file run30.csv (CSV, C-alpha atoms)
chain,number,residue,atom,x,y,z
A,1,MET,CA,-6.0,13.1,-6.1
A,2,GLN,CA,-7.7,10.3,-4.2
A,3,ILE,CA,-7.3,6.5,-4.3
A,4,SER,CA,-9.8,4.9,-6.8
A,5,ASP,CA,-12.0,1.9,-6.0
A,6,GLN,CA,-9.5,-0.3,-7.8
A,7,GLY,CA,-6.7,1.1,-5.6
A,8,LEU,CA,-8.7,0.5,-2.4
A,9,GLN,CA,-9.4,-3.1,-3.6
A,10,LEU,CA,-5.7,-3.6,-3.9
A,11,VAL,CA,-5.1,-2.5,-0.4
A,12,LYS,CA,-8.0,-4.7,0.9
A,13,GLN,CA,-6.7,-7.7,-1.1
A,14,SER,CA,-3.1,-7.2,0.0
A,15,GLU,CA,-3.9,-6.6,3.6
A,16,GLY,CA,-6.7,-9.2,4.0
A,17,PHE,CA,-9.5,-8.8,6.4
A,18,ARG,CA,-9.2,-9.9,10.0
A,19,SER,CA,-12.0,-9.1,12.4
A,20,ALA,CA,-10.0,-9.8,15.5
A,21,VAL,CA,-6.8,-8.0,16.6
A,22,TYR,CA,-3.6,-9.8,15.6
A,23,LEU,CA,0.1,-9.1,15.4
A,24,ASP,CA,1.4,-8.1,12.0
A,25,PRO,CA,4.7,-9.7,10.7
A,26,VAL,CA,6.8,-7.3,12.8
A,27,GLY,CA,4.7,-7.7,15.9
A,28,LEU,CA,2.5,-4.7,15.9
A,29,PRO,CA,-1.2,-5.0,17.0
A,30,THR,CA,-3.4,-4.7,13.9
A,31,VAL,CA,-7.1,-5.2,13.0
A,32,GLY,CA,-9.3,-5.1,9.9
A,33,TYR,CA,-7.5,-4.3,6.7
A,34,GLY,CA,-4.1,-3.6,8.2
A,35,HIS,CA,-5.1,-0.9,10.7
A,36,LEU,CA,-2.4,-0.4,13.2
A,37,LEU,CA,-3.9,0.1,16.6
A,38,LYS,CA,-3.1,3.6,18.0
A,39,GLN,CA,-2.5,4.4,21.7
A,40,GLY,CA,-5.7,4.0,23.6
A,41,GLU,CA,-7.5,2.1,20.8
A,42,SER,CA,-9.1,-1.2,21.7
A,43,PHE,CA,-11.3,-3.6,19.8
A,44,PRO,CA,-12.0,-6.4,22.3
A,45,ASN,CA,-14.9,-7.6,20.2
A,46,GLY,CA,-13.1,-7.2,16.9
A,47,VAL,CA,-14.5,-5.2,13.9
A,48,THR,CA,-17.0,-5.7,11.2
A,49,GLU,CA,-16.0,-5.4,7.5
A,50,ALA,CA,-17.8,-2.1,7.4
A,51,GLN,CA,-15.9,-0.8,10.4
A,52,ALA,CA,-12.7,-2.1,8.9
A,53,THR,CA,-13.4,-0.2,5.6
A,54,ASP,CA,-14.0,3.0,7.6
A,55,LEU,CA,-10.7,2.6,9.4
A,56,LEU,CA,-9.0,1.8,6.1
A,57,ARG,CA,-10.4,4.9,4.4
A,58,ALA,CA,-9.2,7.1,7.3
A,59,ASP,CA,-5.8,5.4,7.3
A,60,VAL,CA,-5.4,5.6,3.5
A,61,SER,CA,-6.0,9.4,3.6
A,62,SER,CA,-2.7,10.0,5.3
A,63,ALA,CA,-1.0,7.9,2.6
A,64,GLU,CA,-2.8,9.9,-0.1
A,65,ASN,CA,-1.6,13.1,1.5
A,66,ALA,CA,2.0,11.8,1.6
A,67,VAL,CA,2.0,10.8,-2.0
A,68,SER,CA,0.5,14.1,-3.1
A,69,SER,CA,3.1,16.1,-1.1
A,70,LEU,CA,6.2,14.0,-2.0
A,71,VAL,CA,5.6,13.4,-5.7
A,72,THR,CA,6.5,16.3,-7.9
A,73,VAL,CA,5.7,14.8,-11.4
A,74,PRO,CA,2.3,14.1,-13.0
A,75,LEU,CA,0.7,10.7,-12.1
A,76,THR,CA,-2.0,8.6,-13.7
A,77,GLN,CA,-4.7,7.2,-11.4
A,78,GLY,CA,-3.0,3.8,-11.5
A,79,GLN,CA,0.4,5.3,-10.6
A,80,PHE,CA,-1.2,7.2,-7.7
A,81,ASP,CA,-3.1,4.1,-6.5
A,82,ALA,CA,0.1,2.0,-6.5
A,83,LEU,CA,2.0,4.6,-4.6
A,84,VAL,CA,-0.8,5.0,-2.0
A,85,ASP,CA,-0.8,1.2,-1.5
A,86,PHE,CA,3.0,1.2,-1.2
A,87,THR,CA,2.9,4.1,1.3
A,88,TYR,CA,0.0,2.6,3.3
A,89,ASN,CA,2.0,-0.6,3.7
A,90,LEU,CA,5.5,0.9,4.3
A,91,GLY,CA,4.9,4.4,5.6
A,92,ALA,CA,5.6,7.9,4.3
A,93,GLY,CA,9.1,7.9,5.7
A,94,ASN,CA,10.1,4.9,3.6
A,95,LEU,CA,8.6,6.5,0.4
A,96,LYS,CA,10.3,9.8,1.2
A,97,SER,CA,13.8,8.2,1.5
A,98,SER,CA,13.3,5.7,-1.3
A,99,THR,CA,15.2,5.5,-4.6
A,100,LEU,CA,11.7,4.8,-6.1
A,101,LEU,CA,10.7,8.4,-5.2
A,102,LYS,CA,14.0,9.9,-6.3
A,103,LEU,CA,13.7,8.2,-9.7
A,104,LEU,CA,10.1,9.1,-10.1
A,105,ASN,CA,10.6,12.8,-9.3
A,106,ALA,CA,13.4,12.8,-11.8
A,107,GLY,CA,10.9,11.7,-14.4
A,108,ASN,CA,12.2,8.1,-14.7
A,109,TYR,CA,8.9,6.3,-14.4
A,110,GLN,CA,10.2,2.9,-15.6
A,111,GLY,CA,13.1,3.1,-13.1
A,112,ALA,CA,10.7,3.9,-10.3
A,113,ALA,CA,8.5,1.0,-11.3
A,114,ASP,CA,11.5,-1.3,-11.2
A,115,GLU,CA,12.1,-0.3,-7.5
A,116,PHE,CA,8.8,-1.8,-6.2
A,117,PRO,CA,10.0,-5.4,-6.1
A,118,LYS,CA,12.9,-4.5,-3.9
A,119,TRP,CA,10.5,-3.7,-1.0
A,120,ASN,CA,9.5,-7.3,-0.2
A,121,LYS,CA,11.0,-7.7,3.3
A,122,ALA,CA,9.7,-7.3,6.8
A,123,GLY,CA,11.9,-7.8,9.8
A,124,GLY,CA,14.8,-8.5,7.3
A,125,LYS,CA,13.0,-11.5,5.8
A,126,VAL,CA,11.5,-11.9,2.3
A,127,LEU,CA,7.8,-12.4,2.6
A,128,PRO,CA,6.0,-14.1,-0.3
A,129,GLY,CA,2.9,-11.9,0.4
A,130,LEU,CA,5.0,-8.7,0.0
A,131,THR,CA,6.6,-10.1,-3.2
A,132,ILE,CA,3.1,-10.5,-4.6
A,133,ARG,CA,2.0,-7.1,-3.4
A,134,ARG,CA,4.9,-5.3,-4.8
A,135,GLN,CA,4.4,-7.0,-8.2
A,136,ALA,CA,0.7,-5.9,-8.1
A,137,GLU,CA,1.7,-2.4,-7.3
A,138,ARG,CA,4.3,-2.4,-10.1
A,139,SER,CA,1.8,-3.7,-12.6
A,140,LEU,CA,-0.8,-1.1,-11.6
A,141,PHE,CA,1.9,1.6,-11.7
A,142,LEU,CA,2.7,0.6,-15.3
A,143,GLY,CA,-0.9,0.4,-16.3
A,144,VAL,CA,-1.0,-3.4,-16.7
A,145,THR,CA,-4.5,-4.7,-16.1
A,146,ASN,CA,-5.2,-8.0,-14.4
A,147,SER,CA,-6.6,-9.5,-17.6
A,148,ALA,CA,-3.3,-8.7,-19.4
A,149,THR,CA,-1.2,-10.3,-16.7
A,150,THR,CA,-3.3,-13.5,-16.5
A,151,SER,CA,-3.8,-14.1,-20.2
A,152,ALA,CA,-1.0,-16.0,-22.0
call {"tool": "encode", "arguments": {"input": "run30.csv", "output": "structure tokens"}}
result
Amino acid sequence: MQISDQGLQLVKQSEGFRSAVYLDPVGLPTVGYGHLLKQGESFPNGVTEAQATDLLRADVSSAENAVSSLVTVPLTQGQFDALVDFTYNLGAGNLKSSTLLKLLNAGNYQGAADEFPKWNKAGGKVLPGLTIRRQAERSLFLGVTNSATTSA
């Protein structure tokens, strides 16, 4: 399975685009759509949105592989996309050790969905952006569309 265009848009929206290298909330050098700079990588002139999208697609592939290898139950496209976004943001190690994954692999999809909001901290602090991101992942995981969440 691969991330859909909707899933990729969630990653882009959640990460935001920055052409110049910056430090993420825990102090790691980052560029584009949340691309963590690897040893020897340098972008002194920044990146274009097209370059950032290429970096994102390469980075997302490792999250796709992690989700595919760690999840043992069937997933909808929305569930897969939500888990890829989660894993892209937090890393495969966090997914692997999470209660979210344990519940999901036990077939408790609702219980797994309810775990997303618990992952809203960086450096021990609650970040509003992560709270919003986790809610978006949870909604996507549960198959709630944007129009359903915005109409009252």
call {"tool": "residues_around", "arguments": {"input": "run30.csv", "residues": "Tyr33 in chain A", "least_positions_apart": "3", "cutoff": "9 Å", "atoms": "only C-alpha atoms", "output": "number ranges by chain"}}
result
A: 11-19, 30, 49, 52-53, 55-56
call {"tool": "closest_residue", "arguments": {"input": "run30.csv", "among": "A:Gly46, A:Pro117, A:Gly143, A:Gly7", "to": "Gly129 in chain A", "atoms": "only C-alpha atoms"}}
result
A:Pro117
call {"tool": "residues_around", "arguments": {"input": "run30.csv", "residues": "range 76-82 of chain A", "least_positions_apart": "6", "cutoff": "12 Å", "atoms": "only C-alpha atoms", "output": "NGL selection string"}}
result
:A and (1-11 or 14 or 60-61 or 63-70 or 88-89 or 95 or 100 or 104 or 109-110 or 112-113 or 116 or 133-145)
call {"tool": "closest_residue", "arguments": {"input": "run30.csv", "among": "A:Val73, A:Gly93, A:Asp59, A:Ala20", "to": "Val47 in chain A", "atoms": "all atoms listed in the file"}}
result
A:Ala20
call {"tool": "residues_around", "arguments": {"input": "run30.csv", "residues": "Lys118 in chain A", "least_positions_apart": "3", "cutoff": "9 Å", "atoms": "only C-alpha atoms", "output": "CSV table (one decimal) with C-alpha atoms, in the frame of the given file"}}
result
chain,number,residue,atom,x,y,z
A,114,ASP,CA,11.5,-1.3,-11.2
A,115,GLU,CA,12.1,-0.3,-7.5
A,121,LYS,CA,11.0,-7.7,3.3
A,131,THR,CA,6.6,-10.1,-3.2
A,134,ARG,CA,4.9,-5.3,-4.8
call {"tool": "atom_distance", "arguments": {"input": "run30.csv", "atom1": "CA of Pro25 in chain A", "atom2": "CA of Asp54 in chain A"}}
result
22.8 Å
call {"tool": "atom_distance", "arguments": {"input": "run30.csv", "atom1": "CA of Asn105 in chain A", "atom2": "CA of Thr72 in chain A"}}
result
5.6 Å
call {"tool": "atom_distance", "arguments": {"input": "run30.csv", "atom1": "CA of Val31 in chain A", "atom2": "CA of Ser62 in chain A"}}
result
17.6 Å
call {"tool": "closest_residue", "arguments": {"input": "run30.csv", "among": "A:Ser98, A:Val21, A:Asp85, A:Gly107", "to": "Pro44 in chain A", "atoms": "all atoms listed in the file"}}
result
A:Val21
call {"tool": "closest_residue", "arguments": {"input": "run30.csv", "among": "A:Pro128, A:Lys102, A:Gln39, A:Ala122", "to": "Val26 in chain A", "atoms": "all atoms listed in the file"}}
result
A:Ala122
